[in-house]
>>> print(open('my_file-v2.cif').read())   # mmCIF, C-alpha atoms
data_input
loop_
_atom_site.label_atom_id
_atom_site.label_comp_id
_atom_site.auth_asym_id
_atom_site.auth_seq_id
_atom_site.Cartn_x
_atom_site.Cartn_y
_atom_site.Cartn_z
CA MET A 1 114.30 90.87 93.36
CA ARG A 2 114.82 93.01 90.28
CA ALA A 3 111.29 94.33 89.92
CA ARG A 4 107.77 94.52 91.23
CA MET A 5 105.22 92.17 89.70
CA VAL A 6 101.87 93.93 89.79
CA HIS A 7 98.86 91.60 89.69
CA ILE A 8 95.80 93.32 88.18
CA GLY A 9 92.93 91.02 87.30
CA HIS A 10 94.37 88.19 85.21
CA GLN A 11 97.35 90.27 84.08
CA GLN A 12 100.83 90.57 85.57
CA LEU A 13 102.93 93.65 84.91
CA SER A 14 106.64 93.76 85.72
CA GLN A 15 107.98 97.15 86.87
CA ALA A 16 111.78 97.22 87.18
CA TYR A 17 113.35 98.85 90.23
CA SER A 18 116.24 100.24 88.22
CA PRO A 19 116.88 101.01 84.55
CA HIS A 20 120.34 99.45 85.07
CA GLY A 21 119.04 96.11 86.37
CA GLU A 22 119.91 96.71 90.03
CA HIS A 23 118.03 94.60 92.56
CA ILE A 24 116.88 94.57 96.17
CA ASN A 25 117.19 91.59 98.51
CA ALA A 26 114.67 89.69 100.60
CA VAL A 27 116.51 88.89 103.83
CA ASP A 28 115.51 86.54 106.64
CA ARG A 29 115.82 88.90 109.60
CA ALA A 30 116.04 86.12 112.20
CA ARG A 31 118.94 84.55 110.31
CA LEU A 32 120.64 87.93 109.95
CA ASN A 33 120.33 88.51 113.71
CA GLU A 34 121.98 85.15 114.35
CA LEU A 35 124.89 86.01 112.03
CA LEU A 36 125.39 89.41 113.68
CA LEU A 37 125.31 87.90 117.17
CA ASP A 38 127.84 85.24 116.09
CA ALA A 39 130.12 87.97 114.74
CA ALA A 40 129.77 90.11 117.88
CA GLU A 41 130.46 87.11 120.10
CA GLN A 42 133.88 86.70 118.47
CA LEU A 43 134.98 90.19 119.56
CA PRO A 44 137.12 90.13 122.72
CA ASN A 45 135.58 93.34 124.13
CA VAL A 46 131.94 92.27 123.74
CA THR A 47 129.90 90.29 126.27
CA LEU A 48 126.39 89.11 125.42
CA PHE A 49 123.61 88.81 128.00
CA PHE A 50 120.26 87.15 127.27
CA GLU A 51 116.94 87.33 129.13
CA TYR A 52 117.87 90.55 130.91
CA GLN A 53 114.98 93.03 131.07
CA PHE A 54 115.91 96.70 131.04
CA VAL A 55 113.95 98.50 133.75
CA HIS A 56 115.40 101.94 134.43
CA ALA A 57 118.36 104.21 133.76
CA ASN A 58 119.74 107.42 135.15
CA ILE A 59 121.09 108.77 131.88
CA ILE A 60 123.29 111.49 133.39
CA ASP A 61 124.94 109.20 135.94
CA GLY A 62 125.08 106.21 133.61
CA HIS A 63 123.34 103.84 136.05
CA MET A 64 121.21 101.11 134.48
CA ILE A 65 118.96 98.57 136.20
CA PHE A 66 118.17 95.17 134.69
CA VAL A 67 116.16 92.21 135.99
CA ASN A 68 117.09 88.59 135.33
CA ASN A 69 115.30 85.68 137.01
CA SER A 70 113.69 88.16 139.44
CA GLN A 71 117.13 89.39 140.43
CA GLU A 72 118.01 93.04 140.04
CA HIS A 73 121.35 93.91 138.43
CA ILE A 74 122.90 97.38 138.34
CA TYR A 75 125.43 98.38 135.72
CA GLU A 76 127.27 101.62 134.97
CA ALA A 77 128.27 102.95 131.58
CA ASP A 78 130.08 106.01 130.25
CA LEU A 79 127.92 105.87 127.11
CA ILE A 80 124.50 104.24 126.79
CA VAL A 81 123.45 103.21 123.29
CA GLY A 82 119.70 102.62 122.99
CA ALA A 83 118.91 100.19 120.18
CA ASP A 84 115.83 98.65 121.79
CA GLY A 85 113.19 99.19 119.12
CA ALA A 86 110.16 101.34 118.42
CA TYR A 87 108.87 101.09 122.00
CA SER A 88 112.31 101.94 123.39
CA LYS A 89 112.65 102.21 127.17
CA VAL A 90 116.04 103.89 126.72
CA ARG A 91 114.34 106.63 124.71
CA SER A 92 111.75 107.18 127.45
CA GLN A 93 114.58 107.58 129.97
CA MET A 94 116.43 109.96 127.65
CA MET A 95 113.29 112.09 127.37
CA ARG A 96 113.48 112.64 131.13
CA ALA A 97 117.00 114.02 130.78
CA THR A 98 116.59 116.43 127.86
CA ARG A 99 114.00 118.43 125.90
CA MET A 100 113.27 115.87 123.22
CA ASN A 101 110.71 116.36 120.48
CA TYR A 102 108.81 113.13 120.03
CA GLU A 103 106.12 112.04 117.58
CA GLN A 104 104.37 108.68 117.42
CA VAL A 105 101.74 108.01 114.74
CA TYR A 106 99.81 104.87 113.91
CA ILE A 107 98.40 104.55 110.41
CA ASP A 108 94.92 103.09 109.97
CA THR A 109 96.30 99.91 108.46
CA ALA A 110 96.87 96.51 110.01
CA TYR A 111 98.73 93.57 108.58
CA CYS A 112 98.41 89.80 108.72
CA GLU A 113 101.06 87.35 107.53
CA LEU A 114 100.09 84.42 105.32
CA SER A 115 102.26 81.76 103.72
CA MET A 116 102.50 80.42 100.18
CA PRO A 117 104.17 76.98 100.14
CA PRO A 118 106.52 75.71 97.42
CA ILE A 119 105.11 73.76 94.52
CA GLN A 120 106.54 70.58 93.03
CA GLY A 121 108.83 71.40 90.12
CA LYS A 122 109.25 69.45 86.89
CA ASP A 123 112.20 67.60 88.44
CA GLY A 124 110.16 66.66 91.49
CA GLU A 125 112.02 69.15 93.68
CA PRO A 126 110.35 72.05 95.54
CA SER A 127 110.00 75.15 93.38
CA PHE A 128 108.68 78.69 93.71
CA ALA A 129 104.96 79.16 92.98
CA LEU A 130 105.72 82.62 91.54
CA ASP A 131 108.74 84.28 89.92
CA PRO A 132 111.21 84.63 92.82
CA ASN A 133 113.02 87.59 91.26
CA HIS A 134 110.02 89.86 91.84
CA LEU A 135 108.26 91.40 94.79
CA HIS A 136 104.66 90.50 94.00
CA ILE A 137 101.94 93.07 94.69
CA TRP A 138 98.17 92.85 94.37
CA PRO A 139 97.32 96.59 94.65
CA ARG A 140 93.69 97.43 95.41
CA HIS A 141 93.99 101.17 96.21
CA THR A 142 92.96 101.08 99.90
CA PHE A 143 94.47 97.66 100.64
CA MET A 144 96.94 95.23 99.11
CA LEU A 145 98.56 91.81 99.28
CA ILE A 146 102.30 91.33 98.79
CA ALA A 147 104.49 88.22 98.50
CA LEU A 148 108.23 87.96 99.23
CA PRO A 149 110.36 84.92 98.31
CA ASN A 150 112.15 82.84 100.95
CA PRO A 151 115.25 80.61 100.64
CA ASP A 152 113.10 77.48 101.15
CA ARG A 153 111.16 78.43 97.98
CA SER A 154 108.08 79.50 99.86
CA PHE A 155 106.65 83.03 99.85
CA THR A 156 105.73 85.10 102.85
CA CYS A 157 102.52 86.93 101.97
CA THR A 158 101.30 89.94 103.91
CA LEU A 159 97.81 91.37 103.73
CA PHE A 160 97.66 95.11 104.47
CA MET A 161 94.28 96.76 104.92
CA PRO A 162 92.34 99.00 107.34
CA PHE A 163 91.39 97.59 110.73
CA ASP A 164 87.66 97.78 110.03
CA MET A 165 88.08 95.57 106.96
CA PHE A 166 89.86 92.96 109.06
CA ASP A 167 87.09 93.19 111.67
CA ALA A 168 84.42 92.71 108.99
CA ILE A 169 85.97 89.46 107.71
CA ASP A 170 85.08 87.26 110.67
CA THR A 171 83.98 84.00 109.04
CA GLU A 172 85.56 81.53 106.65
CA GLU A 173 82.88 82.25 104.06
CA LYS A 174 83.57 85.99 104.13
CA LEU A 175 87.31 85.39 103.90
CA LEU A 176 87.04 83.12 100.86
CA ALA A 177 84.56 85.45 99.16
CA PHE A 178 86.91 88.41 99.78
CA PHE A 179 89.97 86.63 98.38
CA ASN A 180 88.11 85.20 95.39
CA GLU A 181 86.95 88.71 94.54
CA HIS A 182 90.21 90.60 95.02
CA PHE A 183 93.09 88.06 94.95
CA LYS A 184 91.62 85.16 93.01
CA ASP A 185 94.91 84.03 91.43
CA ALA A 186 96.58 83.85 94.85
CA VAL A 187 93.99 81.52 96.43
CA PRO A 188 95.12 78.25 94.75
CA LEU A 189 98.78 79.14 95.38
CA ILE A 190 98.25 79.75 99.09
CA GLY A 191 95.69 76.96 99.43
CA ARG A 192 92.16 77.26 100.78
CA ASP A 193 92.80 75.51 104.09
CA ARG A 194 96.14 77.24 104.73
CA LEU A 195 94.58 80.63 103.97
CA ILE A 196 91.83 80.06 106.51
CA GLN A 197 94.25 78.74 109.11
CA ASP A 198 96.80 81.57 108.74
CA TYR A 199 94.21 84.36 108.59
CA PHE A 200 92.41 83.40 111.77
CA ALA A 201 95.46 82.14 113.70
CA HIS A 202 97.94 84.94 113.03
CA PRO A 203 97.72 88.24 114.94
CA ARG A 204 96.96 91.61 113.37
CA GLY A 205 100.03 93.83 113.51
CA SER A 206 100.00 97.62 113.84
CA LEU A 207 102.12 99.99 111.78
CA ILE A 208 103.79 102.89 113.53
CA THR A 209 105.98 105.86 112.66
CA VAL A 210 108.25 107.26 115.38
CA LYS A 211 110.30 110.44 115.10
CA ALA A 212 112.53 111.78 117.84
CA SER A 213 114.91 114.71 118.01
CA PRO A 214 117.64 114.98 119.14
CA HIS A 215 119.04 111.45 119.07
CA HIS A 216 121.41 112.04 121.97
CA VAL A 217 121.74 113.40 125.50
CA ASP A 218 124.97 115.35 126.05
CA GLY A 219 127.87 112.90 125.88
CA LYS A 220 125.95 110.32 127.88
CA ALA A 221 123.52 108.50 125.59
CA VAL A 222 122.58 108.03 121.97
CA MET A 223 119.81 106.04 120.28
CA ILE A 224 119.88 104.31 116.93
CA GLY A 225 117.58 102.20 114.78
CA ASP A 226 113.85 101.99 115.46
CA ALA A 227 114.36 103.53 118.90
CA ALA A 228 115.13 106.81 117.12
CA HIS A 229 113.10 106.47 113.91
CA ALA A 230 110.62 103.64 113.50
CA MET A 231 108.99 103.61 110.08
CA VAL A 232 106.37 101.65 108.17
CA PRO A 233 107.96 98.83 106.12
CA PHE A 234 106.98 99.88 102.61
CA TYR A 235 110.35 101.21 101.42
CA GLY A 236 112.30 98.31 102.88
CA GLN A 237 114.71 100.80 104.47
CA GLY A 238 114.13 100.28 108.21
CA MET A 239 117.02 97.88 108.69
CA ASN A 240 119.20 99.69 106.16
CA CYS A 241 118.64 102.97 107.98
CA GLY A 242 119.66 101.31 111.26
CA PHE A 243 122.90 100.14 109.68
CA GLN A 244 123.41 103.62 108.26
CA ASP A 245 123.02 105.06 111.76
CA VAL A 246 126.02 103.01 112.85
CA GLU A 247 128.04 104.00 109.80
CA VAL A 248 127.30 107.72 110.19
CA LEU A 249 127.89 107.64 113.96
CA HIS A 250 131.27 105.95 113.53
CA SER A 251 132.34 108.39 110.82
CA ILE A 252 131.48 111.34 113.07
CA LEU A 253 133.27 109.77 116.05
CA ASP A 254 136.34 109.39 113.84
CA ARG A 255 136.00 112.97 112.61
CA TYR A 256 136.08 114.24 116.19
CA GLY A 257 138.92 111.91 117.16
CA VAL A 258 136.86 110.09 119.78
CA THR A 259 138.60 107.10 121.36
CA PRO A 260 137.49 104.88 124.27
CA LEU A 261 139.81 106.64 126.71
CA LEU A 262 138.49 108.41 129.81
CA ARG A 263 139.77 111.78 131.04
CA ASN A 264 139.03 113.76 134.17
CA ASP A 265 137.52 117.22 133.79
CA GLU A 266 138.12 120.19 136.10
CA GLN A 267 135.51 118.91 138.55
CA GLY A 268 137.10 115.48 138.66
CA ASN A 269 134.37 113.80 136.59
CA THR A 270 135.41 111.29 133.97
CA HIS A 271 134.48 111.85 130.36
CA VAL A 272 135.49 110.83 126.86
CA PRO A 273 137.10 113.80 125.06
CA GLY A 274 135.15 114.94 122.01
CA LEU A 275 132.23 112.59 122.62
CA LYS A 276 129.69 115.27 123.53
CA GLU A 277 130.54 117.34 120.46
CA ALA A 278 130.43 114.26 118.22
CA LEU A 279 126.97 113.23 119.45
CA GLU A 280 125.71 116.78 118.95
CA ALA A 281 126.98 116.65 115.37
CA TYR A 282 125.35 113.25 114.89
CA SER A 283 121.91 114.61 115.80
CA GLU A 284 122.48 117.81 113.84
CA GLU A 285 123.45 115.98 110.66
CA HIS A 286 121.44 112.75 110.78
CA VAL A 287 118.03 113.50 112.29
CA LYS A 288 116.77 115.17 109.11
CA ASP A 289 117.66 112.05 107.11
CA THR A 290 115.85 109.69 109.48
CA HIS A 291 112.75 111.89 109.46
CA THR A 292 112.83 111.98 105.67
CA ILE A 293 112.92 108.21 105.23
CA CYS A 294 109.96 107.91 107.61
CA GLU A 295 107.97 110.17 105.28
CA LEU A 296 109.19 108.37 102.15
CA ALA A 297 108.12 105.03 103.62
CA LEU A 298 104.59 106.39 104.06
CA TYR A 299 104.62 107.70 100.48
CA ASN A 300 105.73 104.33 99.15
CA TYR A 301 102.71 102.70 100.79
CA TYR A 302 100.48 104.86 98.61
CA GLU A 303 102.63 104.05 95.59
CA MET A 304 102.52 100.29 96.14
CA ARG A 305 98.81 99.96 96.88
CA SER A 306 97.53 102.45 94.30
CA ALA A 307 99.93 104.46 92.11
CA VAL A 308 101.49 101.40 90.43
CA THR A 309 98.17 100.86 88.62
CA SER A 310 98.12 104.40 87.17
CA LEU A 311 99.03 104.98 83.52
CA ARG A 312 100.29 108.44 84.46
CA TYR A 313 102.61 106.95 87.10
CA MET A 314 103.96 104.34 84.69
CA ALA A 315 104.50 106.96 81.97
CA ARG A 316 106.39 109.23 84.36
CA LYS A 317 108.59 106.33 85.53
CA LYS A 318 109.32 105.45 81.90
CA VAL A 319 110.28 109.03 81.05
CA GLU A 320 112.51 109.24 84.15
CA SER A 321 114.25 106.00 83.23
CA LEU A 322 114.85 107.02 79.61
CA ILE A 323 116.30 110.40 80.62
CA HIS A 324 118.42 108.75 83.33
CA ILE A 325 119.86 106.26 80.83
CA ALA A 326 120.67 109.04 78.35
CA PHE A 327 121.82 111.60 80.94
CA PRO A 328 122.73 109.72 84.15
CA HIS A 329 123.65 112.86 86.12
CA LEU A 330 120.69 114.96 84.99
CA ILE A 331 117.80 112.83 86.27
CA ILE A 332 118.12 110.12 88.93
CA PRO A 333 114.92 108.26 89.90
CA LEU A 334 114.00 108.57 93.56
CA TYR A 335 114.03 104.79 94.10
CA THR A 336 117.55 104.61 92.69
CA MET A 337 118.80 107.33 95.03
CA VAL A 338 117.19 105.75 98.09
CA SER A 339 117.89 102.07 97.44
CA PHE A 340 120.97 101.94 95.20
CA SER A 341 123.14 104.87 96.29
CA THR A 342 124.66 106.42 99.39
CA TYR A 343 122.70 109.66 98.99
CA PRO A 344 121.52 110.92 102.37
CA TYR A 345 117.75 110.50 102.41
CA SER A 346 117.04 114.22 102.84
CA GLN A 347 119.24 115.15 99.88
CA ALA A 348 117.60 112.45 97.75
CA LEU A 349 114.16 113.87 98.51
CA GLN A 350 115.21 117.46 97.77
CA ARG A 351 116.79 116.44 94.47
CA TRP A 352 113.68 114.45 93.52
CA LYS A 353 111.49 117.49 94.19
CA ARG A 354 113.71 119.66 91.96
CA GLN A 355 113.65 117.03 89.23
CA ASN A 356 109.86 116.81 89.41
CA TYR A 357 109.62 120.58 89.14
CA TRP A 358 111.77 120.75 86.01
CA LEU A 359 110.09 117.70 84.48
CA HIS A 360 106.75 119.44 85.03
CA VAL A 361 108.06 122.70 83.52
CA SER A 362 109.47 120.78 80.54
CA ALA A 363 106.20 118.93 80.05
CA VAL A 364 104.21 122.18 80.13
CA ALA A 365 106.65 123.82 77.70
CA ALA A 366 106.47 120.85 75.35
CA ALA A 367 102.69 120.83 75.51
CA THR A 368 102.56 124.58 74.86
CA ALA A 369 104.91 124.26 71.88
CA THR A 370 102.84 121.39 70.51
CA VAL A 371 99.64 123.40 70.81
CA ALA A 372 101.29 126.38 69.11
CA ILE A 373 102.56 124.23 66.24
CA VAL A 374 99.18 122.59 65.84
CA GLY A 375 97.57 126.03 65.97
CA ILE A 376 99.82 127.41 63.24
CA TYR A 377 99.26 124.33 61.13
CA SER A 378 95.52 124.56 61.72
CA GLN A 379 95.44 128.23 60.67
CA ARG A 380 97.37 127.47 57.48
CA HIS A 381 95.19 124.45 56.88
CA LEU A 382 92.04 126.50 57.41
CA ARG A 383 93.27 129.21 55.03
CA HIS A 384 94.03 126.52 52.50
CA LEU A 385 90.60 124.99 53.00
CA GLY A 386 89.05 128.46 52.71
CA HIS A 387 90.86 129.07 49.43
CA LEU A 388 89.68 125.71 48.11
CA ALA A 389 86.13 126.43 49.27
CA TRP A 390 86.19 129.84 47.53
CA GLN A 391 87.45 128.27 44.31
CA GLN A 392 84.74 125.65 44.62
CA LEU A 393 82.13 128.35 45.20
CA LEU A 394 83.31 130.31 42.12
CA SER A 395 83.28 127.11 40.10
CA SER A 396 79.78 126.31 41.34
CA SER A 397 78.61 129.84 40.51
CA GLN A 398 79.97 129.51 36.99
CA VAL A 399 78.11 126.21 36.61
CA VAL A 400 74.88 127.83 37.81
CA LYS A 401 75.46 130.79 35.49
CA ASN A 402 76.08 128.52 32.51
CA THR A 403 73.02 126.47 33.41
CA MET A 404 70.82 129.57 33.63
CA MET A 405 72.09 130.77 30.24
CA SER A 406 71.25 127.37 28.76
CA ILE A 407 67.71 127.49 30.20
CA LYS A 408 67.23 131.02 28.88
CA ALA A 409 68.42 129.94 25.48
#
>>> encode(input="my_file-v2.cif", output="structure tokens")
Amino acid sequence: MRARMVHIGHQQLSQAYSPHGEHINAVDRARLNELLLDAAEQLPNVTLFFEYQFVHANIIDGHMIFVNNSQEHIYEADLIVGADGAYSKVRSQMMRATRMNYEQVYIDTAYCELSMPPIQGKDGEPSFALDPNHLHIWPRHTFMLIALPNPDRSFTCTLFMPFDMFDAIDTEEKLLAFFNEHFKDAVPLIGRDRLIQDYFAHPRGSLITVKASPHHVDGKAVMIGDAAHAMVPFYGQGMNCGFQDVEVLHSILDRYGVTPLLRNDEQGNTHVPGLKEALEAYSEEHVKDTHTICELALYNYYEMRSAVTSLRYMARKKVESLIHIAFPHLIIPLYTMVSFSTYPYSQALQRWKRQNYWLHVSAVAAATATVAIVGIYSQRHLRHLGHLAWQQLLSSSQVVKNTMMSIKA
């Protein structure tokens, strides 16, 4: 998808993600999970277990308890990696073992998934109902509908809006009236019957932001992905950030020379040399980036549902893009830094703030200069007009004088 397609009334406005034509990808997460599991299964030092429920862990001792078919299984590990999602049980056990700052916030927005089937193309084959190279948005300020393309030429549509609005739409008549008022062009594409079926059959999902710090406990445990930093989905960076966690963690382990070899300390306890220091560095360096992308994801929700309809927003994006094309290293759009570069999220945000400051200063300076020029021109113009008026007055006086002399004569 190379751009957003903003649906406003009967109009569609394409807003490119990048001035250089870069694109984002719509990925089937279930299929991606299957590919990753297949790849992991091929590794000789990896064993996969399914239908094991994690129950408890003693983080310091490395003891973990799982239940499978009502049977309890105990395992030991030198390092526990918690990648078990936003409601992580590993994180809750880590919080017992260290002073961890933890923040969990729900936003007052729910979501419901709908589906837009393929249409029949000119050749009789299934085709996309909308342009598949766009992320389609119907922004309505406090709520919105989006549509993402799928490989089978369908679209997955998601309705985001406050819980009380969902609660108020409790009949088929209210649902159809709501969609015909706000998303009229989407109704025939989704289909009346399918819309009703999906809306009332599919659950309402909650949207949560989770921040935790630190991301580790000594040299014993570390958490990655949503377990450490769950975010709302509006920047499309949740999965990317999880992959980045792995990349950053591995680079730091390499920096500290950590290898999977155990050593005995002075007390006779086994440990992995350098692991504790590496995990401390991981939290020190990476936590600020994960917190930043959580905030940016919230900001992008406002941008998608409201700002994309603003002339001021579109003008600013255009100016940013033009400057970036002319001077690539002077101005870099925030979306480009986040989605199309390896900038750490915190550095991208700080640079964007500096750019906004100087763009604002430049705009004020340009406006001031324009006013000054107009003022100087106006003064000269007024003096010129005054001179012309005075000449006209003298000419008029002479006419009156001549007229009076004629009357007297």
>>> resolve_selection(input="my_file-v2.cif", expression="the PyMOL selection byres ((chain A and resi 237) around 12)", output="PyMOL selection string")
chain A and resi 24-26+225-226+229-236+238-245+289-290+292-298+300+335+338-340+345
>>> resolve_selection(input="my_file-v2.cif", expression="the PyMOL selection byres ((chain A and resi 208-222) around 7)", output="number ranges by chain")
A: 59-60, 78-82, 86, 94, 98, 100-107, 206-207, 223-224, 228-232, 275-276, 279, 283, 287, 291, 294
>>> write_last_selection(input="my_file-v2.cif", atoms="C-alpha atoms", output="compact mmCIF listing (two decimals), in the coordinates of the input")
# COMPACT_ATOMS: atom_id res chain seq x y z
CA ILE A 59 121.09 108.77 131.88
CA ILE A 60 123.29 111.49 133.39
CA ASP A 78 130.08 106.01 130.25
CA LEU A 79 127.92 105.87 127.11
CA ILE A 80 124.50 104.24 126.79
CA VAL A 81 123.45 103.21 123.29
CA GLY A 82 119.70 102.62 122.99
CA ALA A 86 110.16 101.34 118.42
CA MET A 94 116.43 109.96 127.65
CA THR A 98 116.59 116.43 127.86
CA MET A 100 113.27 115.87 123.22
CA ASN A 101 110.71 116.36 120.48
CA TYR A 102 108.81 113.13 120.03
CA GLU A 103 106.12 112.04 117.58
CA GLN A 104 104.37 108.68 117.42
CA VAL A 105 101.74 108.01 114.74
CA TYR A 106 99.81 104.87 113.91
CA ILE A 107 98.40 104.55 110.41
CA SER A 206 100.00 97.62 113.84
CA LEU A 207 102.12 99.99 111.78
CA MET A 223 119.81 106.04 120.28
CA ILE A 224 119.88 104.31 116.93
CA ALA A 228 115.13 106.81 117.12
CA HIS A 229 113.10 106.47 113.91
CA ALA A 230 110.62 103.64 113.50
CA MET A 231 108.99 103.61 110.08
CA VAL A 232 106.37 101.65 108.17
CA LEU A 275 132.23 112.59 122.62
CA LYS A 276 129.69 115.27 123.53
CA LEU A 279 126.97 113.23 119.45
CA SER A 283 121.91 114.61 115.80
CA VAL A 287 118.03 113.50 112.29
CA HIS A 291 112.75 111.89 109.46
CA CYS A 294 109.96 107.91 107.61
>>> residues_near_point(input="my_file-v2.cif", point="(98.6, 82.9, 103.0)", cutoff="8 Å", atoms="all atoms listed in the file", output="PyMOL selection string")
chain A and resi 113-116+156-158+190-191+194-195+198-199
>>> write_last_selection(input="my_file-v2.cif", atoms="C-alpha atoms", output="PDB file, in the coordinates of the input")
ATOM      1  CA  GLU A 113     101.060  87.350 107.530  1.00  0.00           C
ATOM      2  CA  LEU A 114     100.090  84.420 105.320  1.00  0.00           C
ATOM      3  CA  SER A 115     102.260  81.760 103.720  1.00  0.00           C
ATOM      4  CA  MET A 116     102.500  80.420 100.180  1.00  0.00           C
ATOM      5  CA  THR A 156     105.730  85.100 102.850  1.00  0.00           C
ATOM      6  CA  CYS A 157     102.520  86.930 101.970  1.00  0.00           C
ATOM      7  CA  THR A 158     101.300  89.940 103.910  1.00  0.00           C
ATOM      8  CA  ILE A 190      98.250  79.750  99.090  1.00  0.00           C
ATOM      9  CA  GLY A 191      95.690  76.960  99.430  1.00  0.00           C
ATOM     10  CA  ARG A 194      96.140  77.240 104.730  1.00  0.00           C
ATOM     11  CA  LEU A 195      94.580  80.630 103.970  1.00  0.00           C
ATOM     12  CA  ASP A 198      96.800  81.570 108.740  1.00  0.00           C
ATOM     13  CA  TYR A 199      94.210  84.360 108.590  1.00  0.00           C
TER      14      TYR A 199
END
>>> resolve_selection(input="my_file-v2.cif", expression="the PyMOL selection byres ((chain A and resi 53) around 8)", output="MDAnalysis selection string")
chainID A and resid 51:52 54:55 66:68
>>> closest_residue(input="my_file-v2.cif", among="A:Leu249, A:Ile119, A:Cys112, A:Ala326", to="Glu277 of chain A", atoms="all atoms listed in the file")
A:Leu249
>>> closest_atom_pairs(input="my_file-v2.cif", of="segment 103-126 of chain A", to="segment 134-153 of chain A", cutoff="8 Å", atoms="all atoms listed in the file", output="JSON lines")
{"residue": "A:Pro117", "atom": "CA", "partner": "A:Arg153", "partner_atom": "CA", "distance": 7.5}
{"residue": "A:Pro118", "atom": "CA", "partner": "A:Arg153", "partner_atom": "CA", "distance": 5.4}
{"residue": "A:Pro126", "atom": "CA", "partner": "A:Arg153", "partner_atom": "CA", "distance": 6.9}
>>> atom_distance(input="my_file-v2.cif", atom1="atom CA of Gln71 of chain A", atom2="atom CA of Leu37 of chain A")
24.7 Å
>>> closest_residue(input="my_file-v2.cif", among="A:Val246, A:Leu349, A:Val361, A:Leu130", to="Tyr282 of chain A", atoms="only C-alpha atoms")
A:Val246
>>> atom_distance(input="my_file-v2.cif", atom1="atom CA of Asp254 of chain A", atom2="atom CA of His271 of chain A")
16.8 Å
>>> closest_residue(input="my_file-v2.cif", among="A:Ser251, A:Pro19, A:Asn58, A:Leu262", to="Ile323 of chain A", atoms="all atoms listed in the file")
A:Pro19
>>> closest_residue(input="my_file-v2.cif", among="A:His20, A:His73, A:Arg31, A:Arg192", to="Phe49 of chain A", atoms="all atoms listed in the file")
A:His73
>>> closest_residue(input="my_file-v2.cif", among="A:His360, A:Arg255, A:His182, A:Lys288", to="Gly9 of chain A", atoms="all atoms listed in the file")
A:His182
>>> closest_residue(input="my_file-v2.cif", among="A:Phe160, A:Gly274, A:Leu43, A:Leu32", to="Tyr301 of chain A", atoms="only C-alpha atoms")
A:Phe160
>>> decode(input="my_file-v2.cif", residues="segment 57-69 of chain A", atoms="N, CA and C atoms", output="PDB file, in the first residue's frame")
ATOM      1  N   ALA A  57       6.142 -18.946  37.639  1.00  0.00           N
ATOM      2  CA  ALA A  57       7.598 -19.015  37.503  1.00  0.00           C
ATOM      3  C   ALA A  57       8.260 -18.389  38.710  1.00  0.00           C
ATOM      4  N   ASN A  58       9.340 -18.975  39.150  1.00  0.00           N
ATOM      5  CA  ASN A  58      10.247 -18.347  40.096  1.00  0.00           C
ATOM      6  C   ASN A  58      11.388 -17.784  39.260  1.00  0.00           C
ATOM      7  N   ILE A  59      11.332 -16.482  39.008  1.00  0.00           N
ATOM      8  CA  ILE A  59      12.251 -15.871  38.053  1.00  0.00           C
ATOM      9  C   ILE A  59      13.700 -16.041  38.484  1.00  0.00           C
ATOM     10  N   ILE A  60      13.981 -15.859  39.754  1.00  0.00           N
ATOM     11  CA  ILE A  60      15.373 -15.920  40.227  1.00  0.00           C
ATOM     12  C   ILE A  60      15.940 -17.319  40.098  1.00  0.00           C
ATOM     13  N   ASP A  61      15.142 -18.332  40.443  1.00  0.00           N
ATOM     14  CA  ASP A  61      15.623 -19.714  40.366  1.00  0.00           C
ATOM     15  C   ASP A  61      15.469 -20.323  38.983  1.00  0.00           C
ATOM     16  N   GLY A  62      14.651 -19.697  38.130  1.00  0.00           N
ATOM     17  CA  GLY A  62      14.470 -20.218  36.788  1.00  0.00           C
ATOM     18  C   GLY A  62      13.497 -21.373  36.687  1.00  0.00           C
ATOM     19  N   HIS A  63      12.687 -21.598  37.734  1.00  0.00           N
ATOM     20  CA  HIS A  63      11.696 -22.677  37.696  1.00  0.00           C
ATOM     21  C   HIS A  63      10.404 -22.177  37.043  1.00  0.00           C
ATOM     22  N   MET A  64       9.874 -22.964  36.118  1.00  0.00           N
ATOM     23  CA  MET A  64       8.616 -22.619  35.453  1.00  0.00           C
ATOM     24  C   MET A  64       7.657 -23.797  35.523  1.00  0.00           C
ATOM     25  N   ILE A  65       6.387 -23.499  35.764  1.00  0.00           N
ATOM     26  CA  ILE A  65       5.355 -24.524  35.862  1.00  0.00           C
ATOM     27  C   ILE A  65       4.357 -24.347  34.721  1.00  0.00           C
ATOM     28  N   PHE A  66       4.121 -25.444  33.991  1.00  0.00           N
ATOM     29  CA  PHE A  66       3.146 -25.465  32.904  1.00  0.00           C
ATOM     30  C   PHE A  66       2.129 -26.578  33.164  1.00  0.00           C
ATOM     31  N   VAL A  67       0.959 -26.438  32.582  1.00  0.00           N
ATOM     32  CA  VAL A  67      -0.083 -27.464  32.678  1.00  0.00           C
ATOM     33  C   VAL A  67      -0.476 -27.885  31.273  1.00  0.00           C
ATOM     34  N   ASN A  68      -0.500 -29.206  31.053  1.00  0.00           N
ATOM     35  CA  ASN A  68      -0.922 -29.775  29.776  1.00  0.00           C
ATOM     36  C   ASN A  68      -1.781 -31.004  30.065  1.00  0.00           C
ATOM     37  N   ASN A  69      -3.024 -30.965  29.554  1.00  0.00           N
ATOM     38  CA  ASN A  69      -3.959 -32.067  29.815  1.00  0.00           C
ATOM     39  C   ASN A  69      -4.066 -32.367  31.304  1.00  0.00           C
TER      40      ASN A  69
END
